[in-house]
Amino acid sequence: MIQGIFYARFFPQEGTKIVAQSPPGCIVPVYGVSKPCLFDFSVLQEYIIPRKAFCNRYMTVVDPEGKHAVLGFPVSIPSPRYDRNEFIFNFGLVVECGVVDQIPYERVVRRLAVTFAEMEKQNYYLSQDETRNYNCGSGGGGPRSRESYCRRPIESLLEIIKEDLNNYGECMIPVDDANTINMKLFPHHMTPPEVKGWHVPVAKMKFADVVDPTWDLTLQRVITHIDGVSDVRRIAFAADVSLELTQLALRHLLFYDTILLLDMFFFGACYAPRPGIHDFLANRGGVVDECANYVCVGTAPSASSGSGSGSGSSPGAGIGERGDGGLDMSGGLGNSSGGSGAGGHRVTNYMLIKLMTTFCVGKTVMEWLKGHMDAGFDVLRFVDVRRLVQFGVIKGYLYRMHKYVVSKQYLAALATGHSRPVAGGDPLQRYTDGCHTFDQIITEQNLTDAEIMDKLKTLNVPAGDLTVFYR
């Protein structure tokens with residue numbers, strides 16, 4: 001949100017002055033306004049109207065307290081008509097630091113600078129006497145004088161621009177008979193990350209409600225196979241679309257923040273808790289109940305099933321059917337496959353917290369599962385393990401420990417430049433530089449984890465040369 005907007009000008013005799021501001025008193029004190037200024041103008045005035053080398057370019061200045069940022073585009077118009085042969089002005093915006101994304105406002109500042117610079121070059125709109133009466137017809141002197149008076153005051157322009165952009169995100173304001181200011185705030189989307197064949201896309205919305213027949217045909221075919229389980233390679237195969245086009249379509253969805261990417265789920269994978277798991281322990285915002293509604297399946301556990309002396313929560317409602325595997329963050333994660341259904345019951349909060357916090361480095365999901373089964377709790381009967389892991393990763397409570405393999409001999413060959421691809425050689429060799437995860441090997445070579453380990457054992461390398469590690 002725009003906290004303030006101003007028009008500053010350099011006067012040959014008086015220096016930098018704020019000619020107009022909205023709201024009144026936001027930049028410099030105004031008589032009758034008791035509200036304090038947003039920042040100390042005397043400290044930042046040399047940056048509002050800077051040296052000539054910084055004119056005609058976009059600038060951002062943060063006040064010493066770090067609360068507000070001033071976005072401006074100082075303009076210098078050289079002409080013998082002006083004193084000192086140039087006219088310098090700046091239209092600036094004041095926004096909060098760290099709260100507002102400044103990138104959408106850059107176009108607004110540039111548009112204001114370009115528009116008023118052209119108006120100044122055409123009819124000296126800004127350099128006219130500031131003491132004139134701006135009411136149409138209030139003075140004689142012919143057409144040129146009447147054209148000068150028939151224009152909107154800059155103070156009212158700034159006020160309308162600020163209010164319209166804050167309330168509607170756009171403005172269309174007639175300045176005079178020949179000029180109109182048209183501006184709109186567009187959201188800024190970051191460049192999406194690369195989509196790999198081993199990523200698993202998860203929908204954050206129900207595409208069936210928004211898909212349109214005019215959408216790209218490839219995109220329509222791809223989104224029907226996004227279920228929160230299938231990786232990109234499988235989606236491409238099921239949709240009968242090339243892998244490259246599938247990745248491009250998913251990256252387009254990432255750009256608009258309609259999906260997120262996760263890792264493939266394996267019982268042989270390792271997960272570890274993040275510091276954010278403290279929020280899960282404290283059940284902030286009812287996150288444990290949200291987790292229960294998403295992961296619980298089967299029938300209610302009996303007292304002898306090892307559920308512990310938890311909170312004794314009553315059975316919750318099942319997850320609503322969602323055909324697309326989307327995320328419903330207001331009421332938990334959407335259904336992907338299976339689900340608790342109408343007859344599902346939840347385990348206690350204590351047991352859910354225990355399950356989530358017992359993931360650790362060096363212990364696979366299978367070993368984690370076996371540990372709870374040996375303790376007397378039949379996890380698979382009451383909890384969907386994949387959903388539990390997915391919930392923890394999405395919420396930031398867990399992170400995936402990826403599996404790599406490195407060959408000392410291959411690294412030495414790479415370092416000396418002697419590594420050359422050998423025709424008919426083992427295809428796994430190029431993955432032994434410690435930079436390729438097992439997920440990548442699984443998707444690109446179409447092998448299981450066990451098959452990869454068996455092939456690595458038969459790789460033509462010295463004994464003890466290969467090392468498998470988690471990172």
# chains A, B, ... in the order shown; residues from 1 in each chain; ligands from 1
call {"tool": "residues_around", "arguments": {"residues": "Ile18 in chain A", "least_positions_apart": "3", "cutoff": "12 Å", "atoms": "only C-alpha atoms", "output": "count of residues only"}}
result
29
call {"tool": "residues_around", "arguments": {"residues": "range 196-209 of chain A", "least_positions_apart": "4", "cutoff": "8 Å", "atoms": "only C-alpha atoms", "output": "ChimeraX atom specification"}}
result
/A:223,226-233,243,247,250,257-264,322,324-328,439-440,443-444
call {"tool": "select_by_dssp", "arguments": {"residues": "range 37-154 of chain A", "states": "helix (DSSP H, G or I)", "output": "JSON, numbers by chain"}}
result
{"A": [41, 42, 43, 44, 45, 46, 47, 48, 52, 53, 54, 83, 84, 85, 103, 104, 105, 106, 107, 108, 109, 110, 111, 112, 113, 114, 115, 116, 117, 118, 119, 120, 121, 122, 123, 143, 144, 145, 146, 147, 148, 149, 154]}
call {"tool": "closest_residue", "arguments": {"among": "A:Val393, A:Leu414, A:Val222, A:Ile277", "to": "Thr357 in chain A", "atoms": "only C-alpha atoms"}}
result
A:Ile277
call {"tool": "residues_around", "arguments": {"residues": "Ile452 in chain A", "least_positions_apart": "6", "cutoff": "12 Å", "atoms": "only C-alpha atoms", "output": "compact mmCIF listing (two decimals) with all heavy atoms, in the first residue's frame"}}
result
# COMPACT_ATOMS: atom_id res chain seq x y z
N LYS A 403 19.67 -39.12 -1.41
CA LYS A 403 20.68 -40.16 -1.48
C LYS A 403 21.57 -39.94 -2.70
O LYS A 403 21.06 -39.74 -3.82
CB LYS A 403 20.00 -41.53 -1.54
CG LYS A 403 20.90 -42.73 -1.35
CD LYS A 403 20.03 -44.00 -1.33
CE LYS A 403 20.86 -45.26 -1.11
NZ LYS A 403 20.00 -46.46 -1.11
N TYR A 404 22.89 -39.97 -2.50
CA TYR A 404 23.85 -39.75 -3.58
C TYR A 404 24.89 -40.87 -3.57
O TYR A 404 25.08 -41.55 -2.55
CB TYR A 404 24.58 -38.41 -3.42
CG TYR A 404 23.69 -37.19 -3.44
CD1 TYR A 404 23.03 -36.75 -2.29
CD2 TYR A 404 23.53 -36.45 -4.61
CE1 TYR A 404 22.23 -35.63 -2.31
CE2 TYR A 404 22.74 -35.32 -4.64
CZ TYR A 404 22.08 -34.92 -3.49
OH TYR A 404 21.28 -33.80 -3.51
N VAL A 405 25.58 -41.01 -4.69
CA VAL A 405 26.70 -41.93 -4.78
C VAL A 405 27.88 -41.17 -5.40
O VAL A 405 27.71 -40.38 -6.33
CB VAL A 405 26.35 -43.18 -5.62
CG1 VAL A 405 25.93 -42.80 -7.03
CG2 VAL A 405 27.54 -44.14 -5.64
N ASP A 426 29.24 -48.24 -18.77
CA ASP A 426 28.13 -48.31 -17.82
C ASP A 426 27.46 -46.94 -17.71
O ASP A 426 28.12 -45.93 -17.45
CB ASP A 426 28.66 -48.74 -16.44
CG ASP A 426 27.53 -49.24 -15.55
OD1 ASP A 426 26.53 -48.51 -15.41
OD2 ASP A 426 27.66 -50.36 -15.03
N PRO A 427 26.14 -46.86 -17.93
CA PRO A 427 25.45 -45.55 -17.88
C PRO A 427 25.41 -44.95 -16.48
O PRO A 427 25.13 -43.75 -16.34
CB PRO A 427 24.05 -45.88 -18.39
CG PRO A 427 23.87 -47.34 -18.12
CD PRO A 427 25.23 -47.95 -18.27
N LEU A 428 25.68 -45.75 -15.46
CA LEU A 428 25.63 -45.22 -14.09
C LEU A 428 26.87 -44.40 -13.74
O LEU A 428 26.86 -43.68 -12.74
CB LEU A 428 25.47 -46.36 -13.08
CG LEU A 428 24.12 -47.05 -13.02
CD1 LEU A 428 24.12 -48.11 -11.92
CD2 LEU A 428 23.00 -46.06 -12.78
N GLN A 429 27.92 -44.51 -14.54
CA GLN A 429 29.16 -43.84 -14.17
C GLN A 429 29.01 -42.33 -14.08
O GLN A 429 29.56 -41.68 -13.19
CB GLN A 429 30.26 -44.20 -15.17
CG GLN A 429 31.62 -43.60 -14.78
CD GLN A 429 32.71 -43.93 -15.77
OE1 GLN A 429 32.42 -44.32 -16.90
NE2 GLN A 429 33.96 -43.80 -15.36
N TYR A 431 26.66 -40.68 -13.06
CA TYR A 431 25.91 -40.27 -11.87
C TYR A 431 26.75 -40.36 -10.60
O TYR A 431 26.26 -40.08 -9.51
CB TYR A 431 24.66 -41.13 -11.69
CG TYR A 431 23.66 -41.02 -12.81
CD1 TYR A 431 23.53 -42.04 -13.76
CD2 TYR A 431 22.85 -39.90 -12.94
CE1 TYR A 431 22.61 -41.95 -14.79
CE2 TYR A 431 21.93 -39.80 -13.97
CZ TYR A 431 21.82 -40.82 -14.90
OH TYR A 431 20.91 -40.72 -15.93
N THR A 432 28.01 -40.78 -10.71
CA THR A 432 28.82 -41.03 -9.52
C THR A 432 29.72 -39.84 -9.16
O THR A 432 30.79 -40.01 -8.59
CB THR A 432 29.70 -42.28 -9.74
OG1 THR A 432 30.55 -42.07 -10.88
CG2 THR A 432 28.86 -43.52 -9.95
N THR A 437 20.96 -37.13 -7.52
CA THR A 437 20.24 -37.90 -6.52
C THR A 437 19.78 -39.23 -7.11
O THR A 437 19.72 -39.41 -8.33
CB THR A 437 19.01 -37.12 -6.03
OG1 THR A 437 18.07 -36.98 -7.13
CG2 THR A 437 19.40 -35.74 -5.52
N PHE A 438 19.45 -40.15 -6.21
CA PHE A 438 18.90 -41.43 -6.66
C PHE A 438 17.56 -41.23 -7.35
O PHE A 438 17.18 -42.03 -8.21
CB PHE A 438 18.77 -42.38 -5.46
CG PHE A 438 19.97 -43.26 -5.26
CD1 PHE A 438 21.25 -42.73 -5.27
CD2 PHE A 438 19.84 -44.62 -5.08
CE1 PHE A 438 22.36 -43.53 -5.08
CE2 PHE A 438 20.94 -45.45 -4.91
CZ PHE A 438 22.22 -44.90 -4.91
N ASP A 439 16.82 -40.20 -6.98
CA ASP A 439 15.54 -39.93 -7.65
C ASP A 439 15.78 -39.68 -9.14
O ASP A 439 15.01 -40.16 -9.99
CB ASP A 439 14.87 -38.70 -7.03
CG ASP A 439 14.33 -38.99 -5.64
OD1 ASP A 439 14.47 -40.13 -5.17
OD2 ASP A 439 13.77 -38.06 -5.01
N GLN A 440 16.81 -38.93 -9.46
CA GLN A 440 17.12 -38.67 -10.86
C GLN A 440 17.51 -39.95 -11.58
O GLN A 440 17.09 -40.20 -12.72
CB GLN A 440 18.25 -37.64 -10.96
CG GLN A 440 18.64 -37.31 -12.39
CD GLN A 440 19.74 -36.26 -12.45
OE1 GLN A 440 20.17 -35.74 -11.43
NE2 GLN A 440 20.20 -35.96 -13.66
N ILE A 441 18.32 -40.78 -10.93
CA ILE A 441 18.74 -42.04 -11.56
C ILE A 441 17.53 -42.95 -11.78
O ILE A 441 17.40 -43.61 -12.82
CB ILE A 441 19.78 -42.76 -10.68
CG1 ILE A 441 20.99 -41.84 -10.43
CG2 ILE A 441 20.26 -44.05 -11.35
CD1 ILE A 441 22.00 -42.42 -9.46
N ILE A 442 16.62 -42.97 -10.81
CA ILE A 442 15.43 -43.83 -10.92
C ILE A 442 14.59 -43.43 -12.12
O ILE A 442 14.12 -44.28 -12.89
CB ILE A 442 14.62 -43.76 -9.61
CG1 ILE A 442 15.36 -44.48 -8.48
CG2 ILE A 442 13.22 -44.35 -9.80
CD1 ILE A 442 14.72 -44.29 -7.12
N THR A 443 14.37 -42.13 -12.30
CA THR A 443 13.50 -41.68 -13.39
C THR A 443 14.19 -41.75 -14.75
O THR A 443 13.56 -42.13 -15.74
CB THR A 443 13.03 -40.24 -13.14
OG1 THR A 443 14.17 -39.40 -12.93
CG2 THR A 443 12.13 -40.17 -11.91
N GLU A 444 15.46 -41.40 -14.81
CA GLU A 444 16.14 -41.36 -16.11
C GLU A 444 16.56 -42.75 -16.59
O GLU A 444 16.58 -42.99 -17.79
CB GLU A 444 17.36 -40.44 -16.03
CG GLU A 444 16.99 -38.97 -15.82
CD GLU A 444 18.21 -38.07 -15.82
OE1 GLU A 444 19.35 -38.60 -15.87
OE2 GLU A 444 18.05 -36.84 -15.75
N GLN A 445 16.90 -43.65 -15.66
CA GLN A 445 17.33 -45.00 -16.04
C GLN A 445 16.23 -46.04 -15.86
O GLN A 445 16.44 -47.21 -16.18
CB GLN A 445 18.57 -45.41 -15.23
CG GLN A 445 19.76 -44.51 -15.46
CD GLN A 445 20.24 -44.54 -16.90
OE1 GLN A 445 20.23 -45.58 -17.56
NE2 GLN A 445 20.66 -43.37 -17.41
N ASN A 446 15.10 -45.61 -15.30
CA ASN A 446 13.97 -46.52 -15.09
C ASN A 446 14.37 -47.73 -14.26
O ASN A 446 14.10 -48.88 -14.61
CB ASN A 446 13.38 -46.96 -16.43
CG ASN A 446 11.96 -47.49 -16.30
OD1 ASN A 446 11.25 -47.14 -15.34
ND2 ASN A 446 11.54 -48.33 -17.22
N THR A 458 28.38 -53.98 -9.14
CA THR A 458 29.07 -54.61 -10.28
C THR A 458 29.81 -53.60 -11.14
O THR A 458 30.33 -53.96 -12.21
CB THR A 458 28.04 -55.36 -11.13
OG1 THR A 458 27.07 -54.44 -11.64
CG2 THR A 458 27.35 -56.44 -10.33
N LEU A 459 29.82 -52.34 -10.71
CA LEU A 459 30.50 -51.31 -11.49
C LEU A 459 32.01 -51.57 -11.50
O LEU A 459 32.59 -51.97 -10.48
CB LEU A 459 30.20 -49.94 -10.89
CG LEU A 459 30.37 -48.72 -11.82
CD1 LEU A 459 29.42 -48.81 -13.00
CD2 LEU A 459 30.13 -47.44 -11.04
N VAL A 468 28.12 -44.22 -0.77
CA VAL A 468 26.71 -43.77 -0.80
C VAL A 468 26.45 -42.96 0.46
O VAL A 468 26.75 -43.41 1.57
CB VAL A 468 25.75 -44.97 -0.91
CG1 VAL A 468 24.31 -44.50 -0.86
CG2 VAL A 468 26.01 -45.76 -2.19
call {"tool": "residues_around", "arguments": {"residues": "range 361-375 of chain A", "least_positions_apart": "2", "cutoff": "7 Å", "atoms": "only C-alpha atoms", "output": "list in words"}}
result
Phe267, Gly268, Ala269, Cys270, Tyr271, Ala272, Phe359, Phe377, Asp378 and Val379 of chain A
call {"tool": "residues_around", "arguments": {"residues": "Val61 in chain A", "least_positions_apart": "5", "cutoff": "12 Å", "atoms": "only C-alpha atoms", "output": "PDB file with N, CA and C atoms, in the first residue's frame"}}
result
ATOM      1  N   PHE A  39       9.135  10.266   7.273  1.00  0.00           N
ATOM      2  CA  PHE A  39      10.592  10.220   7.454  1.00  0.00           C
ATOM      3  C   PHE A  39      11.108  11.656   7.525  1.00  0.00           C
ATOM      4  N   PHE A  41      12.704  14.555   6.052  1.00  0.00           N
ATOM      5  CA  PHE A  41      12.969  15.005   4.686  1.00  0.00           C
ATOM      6  C   PHE A  41      14.358  15.606   4.549  1.00  0.00           C
ATOM      7  N   VAL A  43      17.061  14.649   5.745  1.00  0.00           N
ATOM      8  CA  VAL A  43      18.082  13.603   5.605  1.00  0.00           C
ATOM      9  C   VAL A  43      18.089  13.025   4.201  1.00  0.00           C
ATOM     10  N   LEU A  44      16.912  12.878   3.599  1.00  0.00           N
ATOM     11  CA  LEU A  44      16.810  12.204   2.305  1.00  0.00           C
ATOM     12  C   LEU A  44      16.644  13.148   1.122  1.00  0.00           C
ATOM     13  N   GLN A  45      16.636  14.460   1.338  1.00  0.00           N
ATOM     14  CA  GLN A  45      16.352  15.370   0.234  1.00  0.00           C
ATOM     15  C   GLN A  45      17.424  15.320  -0.858  1.00  0.00           C
ATOM     16  N   GLU A  46      18.675  15.036  -0.492  1.00  0.00           N
ATOM     17  CA  GLU A  46      19.720  14.946  -1.510  1.00  0.00           C
ATOM     18  C   GLU A  46      19.560  13.719  -2.391  1.00  0.00           C
ATOM     19  N   TYR A  47      18.724  12.751  -1.968  1.00  0.00           N
ATOM     20  CA  TYR A  47      18.443  11.587  -2.798  1.00  0.00           C
ATOM     21  C   TYR A  47      17.134  11.746  -3.565  1.00  0.00           C
ATOM     22  N   ILE A  48      16.257  12.616  -3.092  1.00  0.00           N
ATOM     23  CA  ILE A  48      15.002  12.870  -3.799  1.00  0.00           C
ATOM     24  C   ILE A  48      15.277  13.691  -5.057  1.00  0.00           C
ATOM     25  N   ILE A  49      16.090  14.720  -4.932  1.00  0.00           N
ATOM     26  CA  ILE A  49      16.622  15.435  -6.097  1.00  0.00           C
ATOM     27  C   ILE A  49      18.133  15.242  -6.055  1.00  0.00           C
ATOM     28  N   PRO A  50      18.649  14.192  -6.690  1.00  0.00           N
ATOM     29  CA  PRO A  50      20.069  13.854  -6.542  1.00  0.00           C
ATOM     30  C   PRO A  50      20.942  14.636  -7.525  1.00  0.00           C
ATOM     31  N   GLY A  66      14.764   2.447   8.591  1.00  0.00           N
ATOM     32  CA  GLY A  66      14.424   1.217   7.889  1.00  0.00           C
ATOM     33  C   GLY A  66      12.946   0.915   7.838  1.00  0.00           C
ATOM     34  N   LYS A  67      12.096   1.896   8.062  1.00  0.00           N
ATOM     35  CA  LYS A  67      10.646   1.659   8.070  1.00  0.00           C
ATOM     36  C   LYS A  67      10.010   1.914   6.716  1.00  0.00           C
ATOM     37  N   HIS A  68      10.509   2.907   5.990  1.00  0.00           N
ATOM     38  CA  HIS A  68       9.894   3.288   4.724  1.00  0.00           C
ATOM     39  C   HIS A  68      10.943   3.363   3.622  1.00  0.00           C
ATOM     40  N   ALA A  69      10.483   3.103   2.409  1.00  0.00           N
ATOM     41  CA  ALA A  69      11.320   3.223   1.212  1.00  0.00           C
ATOM     42  C   ALA A  69      10.704   4.265   0.289  1.00  0.00           C
ATOM     43  N   VAL A  70      11.554   5.113  -0.266  1.00  0.00           N
ATOM     44  CA  VAL A  70      11.124   6.149  -1.202  1.00  0.00           C
ATOM     45  C   VAL A  70      11.492   5.688  -2.610  1.00  0.00           C
ATOM     46  N   LEU A  71      10.488   5.524  -3.454  1.00  0.00           N
ATOM     47  CA  LEU A  71      10.685   5.099  -4.838  1.00  0.00           C
ATOM     48  C   LEU A  71      10.532   6.321  -5.738  1.00  0.00           C
ATOM     49  N   GLY A  72      11.548   6.644  -6.497  1.00  0.00           N
ATOM     50  CA  GLY A  72      11.493   7.837  -7.335  1.00  0.00           C
ATOM     51  C   GLY A  72      12.202   7.653  -8.655  1.00  0.00           C
ATOM     52  N   PHE A  73      11.961   8.622  -9.541  1.00  0.00           N
ATOM     53  CA  PHE A  73      12.602   8.655 -10.848  1.00  0.00           C
ATOM     54  C   PHE A  73      12.917  10.118 -11.161  1.00  0.00           C
ATOM     55  N   GLY A  92       7.541  10.817  -6.503  1.00  0.00           N
ATOM     56  CA  GLY A  92       7.950   9.655  -5.726  1.00  0.00           C
ATOM     57  C   GLY A  92       6.829   9.041  -4.921  1.00  0.00           C
ATOM     58  N   LEU A  93       6.998   7.764  -4.598  1.00  0.00           N
ATOM     59  CA  LEU A  93       6.068   7.031  -3.748  1.00  0.00           C
ATOM     60  C   LEU A  93       6.795   6.613  -2.478  1.00  0.00           C
ATOM     61  N   VAL A  94       6.061   6.541  -1.383  1.00  0.00           N
ATOM     62  CA  VAL A  94       6.600   6.063  -0.115  1.00  0.00           C
ATOM     63  C   VAL A  94       5.824   4.813   0.271  1.00  0.00           C
ATOM     64  N   VAL A  95       6.531   3.697   0.443  1.00  0.00           N
ATOM     65  CA  VAL A  95       5.926   2.427   0.829  1.00  0.00           C
ATOM     66  C   VAL A  95       6.678   1.874   2.026  1.00  0.00           C
ATOM     67  N   GLU A  96       6.053   0.901   2.698  1.00  0.00           N
ATOM     68  CA  GLU A  96       6.681   0.285   3.857  1.00  0.00           C
ATOM     69  C   GLU A  96       7.743  -0.716   3.417  1.00  0.00           C
ATOM     70  N   CYS A  97       8.834  -0.750   4.170  1.00  0.00           N
ATOM     71  CA  CYS A  97       9.917  -1.680   3.869  1.00  0.00           C
ATOM     72  C   CYS A  97       9.582  -3.072   4.391  1.00  0.00           C
ATOM     73  N   GLN A 102       7.940  -4.017  -3.769  1.00  0.00           N
ATOM     74  CA  GLN A 102       8.199  -2.747  -4.436  1.00  0.00           C
ATOM     75  C   GLN A 102       8.194  -2.860  -5.952  1.00  0.00           C
TER      76      GLN A 102
END
call {"tool": "residues_around", "arguments": {"residues": "Met119 in chain A", "least_positions_apart": "2", "cutoff": "12 Å", "atoms": "only C-alpha atoms", "output": "ChimeraX atom specification"}}
result
/A:77,112-117,121-128,148,151,175-181
call {"tool": "select_by_dssp", "arguments": {"residues": "range 90-313 of chain A", "states": "strand (DSSP E or B)", "output": "ChimeraX atom specification"}}
result
/A:90-96,170-174,180-184,199-203,259-263,270-273,296
